[in-house]
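Peer 1: Sharing my_file_18.csv here; it has CSV, C-alpha atoms.
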chain,number,residue,atom,x,y,z
A,26,MET,CA,108.7,111.3,36.6
A,27,LYS,CA,105.3,110.1,37.7
A,28,GLU,CA,106.9,107.4,39.9
A,29,ARG,CA,109.2,110.0,41.5
A,30,ALA,CA,106.3,112.3,42.3
A,31,LEU,CA,104.4,109.3,43.8
A,32,GLY,CA,107.5,108.6,45.9
A,33,TRP,CA,107.6,112.1,47.3
A,34,LEU,CA,103.9,112.1,48.0
A,35,ALA,CA,104.2,108.7,49.7
A,36,LEU,CA,107.1,110.1,51.8
A,37,ALA,CA,105.0,113.1,52.9
A,38,ALA,CA,102.0,110.8,53.6
A,39,ARG,CA,103.9,108.4,55.8
A,40,LEU,CA,105.5,111.2,57.7
A,41,VAL,CA,102.1,112.7,58.4
A,42,VAL,CA,100.4,109.5,59.3
A,43,GLY,CA,103.5,108.1,61.2
A,44,GLY,CA,103.9,111.3,63.2
A,45,LEU,CA,100.3,111.5,64.1
A,46,PHE,CA,100.3,107.9,65.2
A,47,VAL,CA,103.3,108.4,67.5
A,48,VAL,CA,101.8,111.6,69.0
A,49,ALA,CA,98.4,110.0,69.5
A,50,GLY,CA,99.9,106.9,71.1
A,51,ALA,CA,102.1,108.8,73.4
A,52,LEU,CA,99.2,111.0,74.6
A,53,LYS,CA,97.2,108.0,75.5
A,54,LEU,CA,100.0,106.3,77.5
A,55,GLY,CA,99.5,108.5,80.5
A,56,ASP,CA,96.2,107.3,81.8
A,57,PRO,CA,95.1,103.8,80.5
A,58,GLY,CA,92.2,103.8,82.9
A,59,ALA,CA,90.7,107.0,81.5
A,60,PHE,CA,91.4,105.7,77.9
A,61,ALA,CA,89.6,102.4,78.8
A,62,THR,CA,86.6,104.4,80.0
A,63,GLU,CA,86.6,106.4,76.8
A,64,ILE,CA,86.7,103.2,74.7
A,65,ALA,CA,83.9,101.7,76.7
A,66,ASN,CA,81.8,104.9,76.2
A,67,TYR,CA,81.7,104.1,72.5
A,68,HIS,CA,79.4,101.2,73.4
A,69,PHE,CA,81.0,99.3,70.5
A,70,VAL,CA,83.1,96.6,72.1
A,71,PRO,CA,83.0,97.6,75.8
A,72,GLN,CA,84.3,94.2,77.0
A,73,LEU,CA,87.5,94.8,75.0
A,74,ALA,CA,88.0,98.3,76.4
A,75,PRO,CA,90.7,97.5,78.9
A,76,TRP,CA,92.6,95.3,76.5
A,77,LEU,CA,92.6,97.9,73.8
A,78,ALA,CA,93.5,100.6,76.3
A,79,VAL,CA,96.6,98.7,77.3
A,80,THR,CA,97.7,97.6,73.8
A,81,LEU,CA,96.5,100.4,71.4
A,82,PRO,CA,98.8,103.3,72.4
A,83,ALA,CA,102.0,101.2,72.2
A,84,THR,CA,100.8,99.7,68.9
A,85,GLU,CA,100.2,103.1,67.5
A,86,ILE,CA,103.7,104.2,68.5
A,87,VAL,CA,105.3,101.1,67.0
A,88,VAL,CA,103.4,101.4,63.7
A,89,GLY,CA,103.9,105.2,63.6
A,90,ALA,CA,107.7,104.9,64.3
A,91,ALA,CA,108.0,102.1,61.7
A,92,LEU,CA,106.3,104.3,59.1
A,93,VAL,CA,108.8,107.0,59.7
A,94,VAL,CA,112.2,105.3,60.3
A,95,ALA,CA,111.9,101.5,59.4
A,96,PRO,CA,113.5,100.0,56.2
A,97,ALA,CA,111.2,100.0,53.1
A,98,ALA,CA,109.7,96.5,53.5
A,99,TRP,CA,108.7,97.3,57.1
A,100,ARG,CA,107.4,100.8,56.1
A,101,ARG,CA,105.1,99.2,53.6
A,102,ALA,CA,103.9,96.7,56.3
A,103,ALA,CA,103.4,99.6,58.7
A,104,SER,CA,101.3,101.4,56.1
A,105,LEU,CA,99.1,98.3,55.9
A,106,ALA,CA,98.9,98.1,59.7
A,107,ALA,CA,98.0,101.8,59.9
A,108,MET,CA,95.3,101.2,57.3
A,109,GLY,CA,93.9,98.4,59.4
A,110,LEU,CA,93.9,100.5,62.6
A,111,LEU,CA,92.3,103.4,60.8
A,112,VAL,CA,89.5,101.2,59.4
A,113,MET,CA,88.9,100.0,62.9
A,114,PHE,CA,88.8,103.6,64.3
A,115,THR,CA,86.5,104.7,61.5
A,116,VAL,CA,84.0,101.9,62.0
A,117,ALA,CA,83.8,102.7,65.7
A,118,ILE,CA,83.4,106.4,65.0
A,119,VAL,CA,80.7,105.8,62.4
A,120,HIS,CA,78.9,103.6,64.9
A,121,VAL,CA,78.9,106.4,67.5
A,122,VAL,CA,77.8,109.1,65.0
A,123,ARG,CA,75.0,106.9,63.7
A,124,ALA,CA,73.8,106.0,67.2
A,125,GLY,CA,73.9,109.7,68.2
A,126,ILE,CA,76.0,109.0,71.2
A,127,ASN,CA,77.7,112.1,72.7
A,128,VAL,CA,81.1,110.8,73.6
A,129,ASP,CA,84.6,112.2,73.9
A,130,CYS,CA,86.8,111.0,71.0
A,131,GLY,CA,89.8,109.9,73.0
A,132,CYS,CA,91.8,110.0,69.8
A,133,PHE,CA,94.6,112.0,71.3
A,134,GLY,CA,94.2,111.3,75.0
A,135,GLY,CA,91.9,113.2,77.3
A,136,ASN,CA,89.9,116.2,76.1
A,137,SER,CA,90.2,115.3,72.4
A,138,GLY,CA,86.8,116.8,71.8
A,139,PRO,CA,83.5,115.0,70.9
A,140,VAL,CA,83.1,112.5,68.1
A,141,THR,CA,81.4,114.0,65.1
A,142,ALA,CA,81.1,113.3,61.4
A,143,TRP,CA,84.3,115.5,61.0
A,144,THR,CA,86.1,112.9,63.1
A,145,ALA,CA,85.1,110.2,60.7
A,146,ALA,CA,86.1,112.5,57.8
A,147,ARG,CA,89.6,113.1,59.3
A,148,ASP,CA,90.1,109.3,59.7
A,149,LEU,CA,89.1,108.8,56.1
A,150,VAL,CA,91.7,111.3,55.0
A,151,LEU,CA,94.3,109.6,57.1
A,152,LEU,CA,93.2,106.3,55.7
A,153,ALA,CA,93.8,107.7,52.2
A,154,LEU,CA,97.2,108.9,53.2
A,155,ALA,CA,98.1,105.5,54.6
A,156,ALA,CA,97.0,103.9,51.4
A,157,LEU,CA,99.1,106.4,49.4
A,158,ALA,CA,102.1,105.5,51.6
A,159,PHE,CA,101.5,101.8,51.0
A,160,ARG,CA,101.1,102.4,47.2
A,161,GLY,CA,104.2,104.5,47.0
A,162,THR,CA,106.5,102.3,49.0
A,163,LYS,CA,108.2,99.5,47.2
A,164,GLU,CA,108.5,96.3,49.1
A,165,TYR,CA,112.2,95.7,48.2
A,166,ALA,CA,113.4,99.3,47.8
A,167,LYS,CA,116.4,100.3,49.9
B,20,MET,CA,102.3,90.6,49.5
B,21,LEU,CA,102.1,87.8,52.0
B,22,SER,CA,105.4,88.9,53.6
B,23,THR,CA,104.0,92.4,54.0
B,24,VAL,CA,100.9,91.1,55.7
B,25,ILE,CA,103.0,89.0,58.1
B,26,ARG,CA,105.2,92.0,58.8
B,27,ALA,CA,102.2,94.1,59.5
B,28,LEU,CA,100.9,91.5,62.0
B,29,VAL,CA,104.3,91.4,63.6
B,30,LEU,CA,104.3,95.2,64.1
B,31,VAL,CA,100.8,95.1,65.6
B,32,LEU,CA,101.7,92.1,67.9
B,33,ALA,CA,105.0,93.7,68.9
B,34,GLY,CA,103.1,96.9,69.9
B,35,ALA,CA,100.5,94.9,71.8
B,36,ALA,CA,103.2,93.0,73.6
B,37,LEU,CA,105.0,96.2,74.5
B,38,GLY,CA,101.7,97.6,75.8
B,39,PHE,CA,101.2,94.7,78.1
B,40,ALA,CA,104.7,94.8,79.3
B,41,GLY,CA,104.6,98.5,80.0
B,42,ASN,CA,101.3,98.2,81.8
B,43,ALA,CA,102.6,95.3,83.9
B,44,ALA,CA,105.7,97.3,84.8
B,45,ARG,CA,103.8,100.4,85.9
B,46,PRO,CA,103.1,100.5,89.7
B,47,HIS,CA,99.5,101.8,89.0
B,48,GLY,CA,98.9,100.0,85.7
B,49,LEU,CA,95.4,99.2,84.5
B,50,ARG,CA,94.0,96.0,86.1
B,51,ILE,CA,92.4,94.5,83.1
B,52,ALA,CA,90.3,91.8,84.9
B,53,ALA,CA,89.0,94.3,87.4
B,54,PHE,CA,88.0,97.0,84.9
B,55,ALA,CA,84.3,97.8,85.0
B,56,PRO,CA,82.9,99.8,82.1
B,57,PRO,CA,81.2,103.1,83.2
B,58,THR,CA,77.4,103.1,83.0
B,59,GLU,CA,76.7,106.8,83.3
B,60,CYS,CA,79.3,108.6,81.2
B,61,THR,CA,77.8,109.0,77.8
B,62,GLY,CA,75.5,111.8,76.7
B,63,ALA,CA,72.1,111.8,75.2
B,64,GLU,CA,71.3,109.6,72.2
B,65,ALA,CA,69.4,111.3,69.4
B,66,GLY,CA,65.7,111.6,70.2
B,67,ALA,CA,66.0,111.2,74.0
B,68,PRO,CA,64.2,113.8,76.2
B,69,THR,CA,66.5,116.6,77.3
B,70,PRO,CA,66.8,117.3,81.0
B,71,ALA,CA,65.6,120.7,82.1
B,72,VAL,CA,67.8,123.2,84.0
B,73,MET,CA,66.5,124.0,87.5
B,74,SER,CA,67.5,127.0,89.7
B,75,PRO,CA,68.9,126.3,93.2
B,76,ALA,CA,66.0,128.0,94.8
B,77,GLU,CA,63.5,125.8,92.9
B,78,ALA,CA,65.5,122.7,93.7
B,79,SER,CA,65.6,123.5,97.4
B,80,THR,CA,61.8,123.3,97.5
B,81,LEU,CA,62.1,119.6,96.4
B,82,CYS,CA,64.5,118.6,99.2
B,83,GLY,CA,63.1,115.9,101.6
B,84,GLN,CA,60.4,114.7,99.3
B,85,PRO,CA,60.4,110.9,99.1
B,86,THR,CA,60.0,110.8,95.3
B,87,VAL,CA,62.8,113.2,94.7
B,88,VAL,CA,66.4,112.0,94.4
B,89,ILE,CA,69.4,114.4,94.2
B,90,ALA,CA,72.5,113.0,92.5
B,91,ASP,CA,76.0,114.5,92.9
B,92,THR,CA,78.3,113.8,89.8
B,93,ARG,CA,81.5,115.2,91.2
B,94,ASN,CA,84.5,113.2,92.3
B,95,ALA,CA,84.7,111.5,95.7
B,96,ASN,CA,86.9,114.3,97.3
B,97,ALA,CA,84.6,117.1,96.2
B,98,PHE,CA,81.6,115.1,97.5
B,99,ALA,CA,83.3,114.5,100.8
B,100,GLU,CA,84.1,118.1,101.2
B,101,GLY,CA,80.5,119.2,100.8
B,102,HIS,CA,77.3,118.1,99.1
B,103,VAL,CA,73.6,118.8,99.0
B,104,ALA,CA,72.0,117.2,102.0
B,105,GLY,CA,70.7,113.7,101.1
B,106,ALA,CA,72.4,113.6,97.7
B,107,VAL,CA,73.4,110.3,96.2
B,108,HIS,CA,77.0,110.2,94.9
B,109,LEU,CA,77.0,109.2,91.3
B,110,PRO,CA,80.2,110.3,89.6
B,111,CYS,CA,80.3,110.2,85.8
B,112,ASP,CA,82.7,107.3,85.7
B,113,ALA,CA,81.1,105.1,88.3
B,114,GLY,CA,81.5,101.6,87.1
B,115,GLY,CA,80.1,98.1,87.8
B,116,GLN,CA,78.5,97.4,91.1
B,117,THR,CA,79.1,101.0,92.3
B,118,ALA,CA,76.8,102.4,89.6
B,119,VAL,CA,74.3,99.6,90.1
B,120,ASP,CA,74.1,100.4,93.9
B,121,ALA,CA,73.7,104.1,93.1
B,122,LEU,CA,71.1,103.5,90.5
B,123,ALA,CA,69.0,101.5,93.0
B,124,HIS,CA,68.2,104.8,94.6
B,125,PHE,CA,66.3,105.9,91.5
B,126,SER,CA,63.8,103.0,91.5
B,127,HIS,CA,61.2,105.0,93.4
B,128,ALA,CA,62.1,108.4,92.0
B,129,GLN,CA,59.7,110.6,90.1
B,130,THR,CA,62.1,113.5,89.9
B,131,ILE,CA,65.9,113.4,89.8
B,132,VAL,CA,68.0,116.5,90.3
B,133,VAL,CA,71.6,116.1,89.1
B,134,TYR,CA,74.4,118.5,89.8
B,135,GLY,CA,78.1,118.8,89.2
B,136,GLN,CA,80.7,121.5,89.5
B,137,SER,CA,78.8,123.4,86.8
B,138,THR,CA,75.6,123.0,84.7
B,139,ASP,CA,77.5,121.4,81.8
B,140,ASP,CA,79.5,119.2,84.2
B,141,ALA,CA,76.3,117.4,85.2
B,142,ARG,CA,74.8,117.1,81.7
B,143,PRO,CA,76.3,113.8,80.6
B,144,VAL,CA,75.0,112.0,83.7
B,145,ALA,CA,71.6,113.8,83.5
B,146,ASP,CA,71.3,112.8,79.8
B,147,SER,CA,72.1,109.2,80.6
B,148,LEU,CA,69.7,109.0,83.5
B,149,GLN,CA,66.9,110.5,81.4
B,150,ARG,CA,67.6,107.9,78.8
B,151,ARG,CA,67.4,105.1,81.4
B,152,HIS,CA,64.3,106.6,83.1
B,153,PRO,CA,62.3,108.2,80.3
B,154,ASP,CA,59.2,108.5,82.6
B,155,VAL,CA,61.1,110.4,85.3
B,156,LYS,CA,61.6,114.1,85.3
B,157,VAL,CA,65.4,114.7,85.3
B,158,ALA,CA,66.7,118.2,86.0
B,159,ILE,CA,70.1,119.7,86.1
B,160,LEU,CA,70.9,122.1,89.0
B,161,ASP,CA,71.8,125.5,87.3
B,162,GLY,CA,75.3,126.5,88.2
B,163,GLY,CA,76.1,123.2,89.9
B,164,PHE,CA,77.2,123.0,93.5
B,165,PRO,CA,79.0,126.4,93.6
B,166,ALA,CA,75.7,128.1,92.8
B,167,TRP,CA,73.9,126.0,95.5
B,168,SER,CA,76.6,127.0,98.1
B,169,GLN,CA,76.5,130.7,97.1
B,170,ALA,CA,72.7,130.7,97.5
B,171,GLY,CA,73.3,129.6,101.1
B,172,LEU,CA,71.1,126.5,100.8
B,173,ALA,CA,71.5,123.5,102.9
B,174,CYS,CA,74.5,121.3,102.3
B,175,ALA,CA,76.3,118.5,104.2
B,176,SER,CA,80.0,117.9,104.5
B,177,GLY,CA,82.5,115.4,105.9
B,178,PRO,CA,83.1,111.6,105.4
B,179,CYS,CA,80.2,109.6,104.1
B,180,ASP,CA,79.5,106.0,103.2
B,181,GLU,CA,78.8,106.8,99.6
B,182,CYS,CA,82.3,108.2,99.3
B,183,LYS,CA,83.9,105.0,100.4
B,184,SER,CA,81.8,103.0,97.9
B,185,THR,CA,82.8,105.2,95.0
B,186,SER,CA,86.4,105.7,95.8
B,187,THR,CA,87.4,102.7,93.6
B,188,LYS,CA,86.4,104.4,90.4
B,189,VAL,CA,88.7,103.8,87.5
B,190,ALA,CA,89.0,106.8,85.4
B,191,HIS,CA,88.7,110.6,85.2
B,192,PRO,CA,88.9,112.5,88.5
Since I need it in another form, could you write the structure as structure tokens?
Peer 2:
Amino acid sequence: MKERALGWLALAARLVVGGLFVVAGALKLGDPGAFATEIANYHFVPQLAPWLAVTLPATEIVVGAALVVAPAAWRRAASLAAMGLLVMFTVAIVHVVRAGINVDCGCFGGNSGPVTAWTAARDLVLLALAALAFRGTKEYAK
Amino acid sequence: MLSTVIRALVLVLAGAALGFAGNAARPHGLRIAAFAPPTECTGAEAGAPTPAVMSPAEASTLCGQPTVVIADTRNANAFAEGHVAGAVHLPCDAGGQTAVDALAHFSHAQTIVVYGQSTDDARPVADSLQRRHPDVKVAILDGGFPAWSQAGLACASGPCDECKSTSTKVAHP
């Protein structure tokens, strides 16, 4: 019974995280130049900004889509990849909040609003959901 | 667990490869090697002085003074259509050498008046300039260029050298 409930929760978690990843990636695809500028504005790894701007949206879409539709073993791997990405996002956001830099989030393309402590809190919730999806997805389930 | 980690890496690498391929296939894809990070697009850091807001009438009394620099943060097209006489073009997303060239104008400045399309439009650049030049008085033109125009104060229009030098900017219009 407990395992079944965990399975349903994991299903809901991966649909939420996967859906958000696909939407966030798709919204960033339109203008990689603007996204690169937003990444550089974080003053975190500005030299990597154009590389991340080109690769991150497609990576989010691939990971998000795998979370939703891939076979179980790949869903579990996608949960792990999503956790890694969310840890990276959260570290960058905490850096911005601690430095007091007023910068647009860029999380969902242009005009995503400023980075605040709430942005970090949202990412931590998503991180918890990704961890739940990882925990509740069996590696060899069908 | 190892296979899960390997699969996760495969997903990330596949996404990255798709990103590179998609960018290469786009006619106006991002030129990674040519990208220059913006120097003037972030707002104030905690503790930095806050630029004051200055009315158009007050700003007009500063025009022509050698220690006063006026900076226009709007895009190249808006700047070319009309700007405050003598203003330096410094769009928010000016990057690399463009921003360095524009910032050279501020080496002798004691007062910098920044304007955009509105008061808030100019604030990120004004905050950044204030942080870079804490001993300089940085002010934001209240109401931006529309307020200046409505007040009937002097402005210039037409093609300009600054517009050419900033037309290669990489991001937001």
Peer 1: Provide the atom CA of B:Leu148 to atom CA of B:Leu109 distance in Å, to one decimal place.
Peer 2: 10.7 Å
Peer 1: Please provide as a compact mmCIF listing (two decimals) with C-alpha atoms, in the coordinates of the input all residues within 10 Å of A:Trp99, with the sequence filter that same-chain residues fewer than 3 positions apart are discarded (counting only C-alpha atoms).
Peer 2:
# COMPACT_ATOMS: atom_id res chain seq x y z
CA VAL A 88 103.40 101.40 63.70
CA ALA A 91 108.00 102.10 61.70
CA LEU A 92 106.30 104.30 59.10
CA VAL A 94 112.20 105.30 60.30
CA ALA A 95 111.90 101.50 59.40
CA PRO A 96 113.50 100.00 56.20
CA ALA A 102 103.90 96.70 56.30
CA ALA A 103 103.40 99.60 58.70
CA SER A 104 101.30 101.40 56.10
CA LEU A 105 99.10 98.30 55.90
CA THR A 162 106.50 102.30 49.00
CA GLU A 164 108.50 96.30 49.10
CA TYR A 165 112.20 95.70 48.20
CA SER B 22 105.40 88.90 53.60
CA THR B 23 104.00 92.40 54.00
CA ARG B 26 105.20 92.00 58.80
CA ALA B 27 102.20 94.10 59.50
CA VAL B 29 104.30 91.40 63.60
CA LEU B 30 104.30 95.20 64.10
Peer 1: Hey, list the chain A side of the contact with chain B: 6 Å cut-off, all atoms listed in the file, answer as a short mmCIF file (atom, residue, chain, number, x, y, z; two decimals) with C-alpha atoms, keeping the file's coordinate frame.
Peer 2:
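Below is the file that was written, part.cif:
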data_model
loop_
_atom_site.label_atom_id
_atom_site.label_comp_id
_atom_site.auth_asym_id
_atom_site.auth_seq_id
_atom_site.Cartn_x
_atom_site.Cartn_y
_atom_site.Cartn_z
CA GLY A 58 92.20 103.80 82.90
CA ALA A 59 90.70 107.00 81.50
CA ALA A 65 83.90 101.70 76.70
CA ASN A 66 81.80 104.90 76.20
CA PRO A 75 90.70 97.50 78.90
CA VAL A 79 96.60 98.70 77.30
CA THR A 80 97.70 97.60 73.80
CA ALA A 83 102.00 101.20 72.20
CA THR A 84 100.80 99.70 68.90
CA VAL A 87 105.30 101.10 67.00
CA ALA A 102 103.90 96.70 56.30
CA ALA A 103 103.40 99.60 58.70
CA ALA A 106 98.90 98.10 59.70
CA GLY A 125 73.90 109.70 68.20
CA ILE A 126 76.00 109.00 71.20
CA ASN A 127 77.70 112.10 72.70
CA VAL A 128 81.10 110.80 73.60
#
Peer 1: Atom CA of A:Gly89 and atom CA of A:Ala142 are how many Å apart?
Peer 2: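 Straight-line distance from atom CA of A:Gly89 to atom CA of A:Ala142 works out to 24.3 Å.
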Peer 1: What's the separation between atom CA of A:Ala155 and atom CA of A:Ile64, in Å to one decimal place?
Peer 2: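 Interatomic distance here is 23.2 Å.
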Peer 1: If we draw a sphere of 12 Å around (58.4, 108.2, 83.8), which residues have at least one atom in it when counting all atoms listed in the file? Please report them as a list in words.
Peer 2: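 Residues close enough to count: Pro68, Thr86, Phe125, Ser126, His127, Ala128, Gln129, Thr130, Ile131, Leu148, Gln149, Arg150, Arg151, His152, Pro153, Asp154, Val155, Lys156 and Val157 of chain B.
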Peer 1: Please list, as a list in words, the residues that have an atom at most 7 Å away from (81.3, 119.4, 88.5) in the coordinates of this file, counting only C-alpha atoms.
Peer 2: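 It turns out the residues near that spot are Thr92, Arg93, Gly135, Gln136, Ser137, Asp140, Ala141 and Gly163 of chain B.
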Peer 1: Excluding same-chain residues fewer than 2 positions from stretch 33-38 of chain A, what lies within 12 Å of it counting all atoms listed in the file, as a PyMOL selection string?
Peer 2: chain A and resi 26-31+40-45+89+92-94+97+100-101+104+107+150-163
Peer 1: What does the file look like for those residues with C-alpha atoms, as an mmCIF file, keeping the file's coordinate frame?
Peer 2:
data_model
loop_
_atom_site.group_PDB
_atom_site.id
_atom_site.type_symbol
_atom_site.label_atom_id
_atom_site.label_comp_id
_atom_site.auth_asym_id
_atom_site.auth_seq_id
_atom_site.Cartn_x
_atom_site.Cartn_y
_atom_site.Cartn_z
ATOM 1 C CA MET A 26 108.700 111.300 36.600
ATOM 2 C CA LYS A 27 105.300 110.100 37.700
ATOM 3 C CA GLU A 28 106.900 107.400 39.900
ATOM 4 C CA ARG A 29 109.200 110.000 41.500
ATOM 5 C CA ALA A 30 106.300 112.300 42.300
ATOM 6 C CA LEU A 31 104.400 109.300 43.800
ATOM 7 C CA LEU A 40 105.500 111.200 57.700
ATOM 8 C CA VAL A 41 102.100 112.700 58.400
ATOM 9 C CA VAL A 42 100.400 109.500 59.300
ATOM 10 C CA GLY A 43 103.500 108.100 61.200
ATOM 11 C CA GLY A 44 103.900 111.300 63.200
ATOM 12 C CA LEU A 45 100.300 111.500 64.100
ATOM 13 C CA GLY A 89 103.900 105.200 63.600
ATOM 14 C CA LEU A 92 106.300 104.300 59.100
ATOM 15 C CA VAL A 93 108.800 107.000 59.700
ATOM 16 C CA VAL A 94 112.200 105.300 60.300
ATOM 17 C CA ALA A 97 111.200 100.000 53.100
ATOM 18 C CA ARG A 100 107.400 100.800 56.100
ATOM 19 C CA ARG A 101 105.100 99.200 53.600
ATOM 20 C CA SER A 104 101.300 101.400 56.100
ATOM 21 C CA ALA A 107 98.000 101.800 59.900
ATOM 22 C CA VAL A 150 91.700 111.300 55.000
ATOM 23 C CA LEU A 151 94.300 109.600 57.100
ATOM 24 C CA LEU A 152 93.200 106.300 55.700
ATOM 25 C CA ALA A 153 93.800 107.700 52.200
ATOM 26 C CA LEU A 154 97.200 108.900 53.200
ATOM 27 C CA ALA A 155 98.100 105.500 54.600
ATOM 28 C CA ALA A 156 97.000 103.900 51.400
ATOM 29 C CA LEU A 157 99.100 106.400 49.400
ATOM 30 C CA ALA A 158 102.100 105.500 51.600
ATOM 31 C CA PHE A 159 101.500 101.800 51.000
ATOM 32 C CA ARG A 160 101.100 102.400 47.200
ATOM 33 C CA GLY A 161 104.200 104.500 47.000
ATOM 34 C CA THR A 162 106.500 102.300 49.000
ATOM 35 C CA LYS A 163 108.200 99.500 47.200
#
Peer 1: May I have the residues within 7 Å of B:Val133 as a ChimeraX atom specification, using only C-alpha atoms and disregarding those fewer than 2 positions away in the same chain?
Peer 2: /B:89-91,131,141,145,158-160
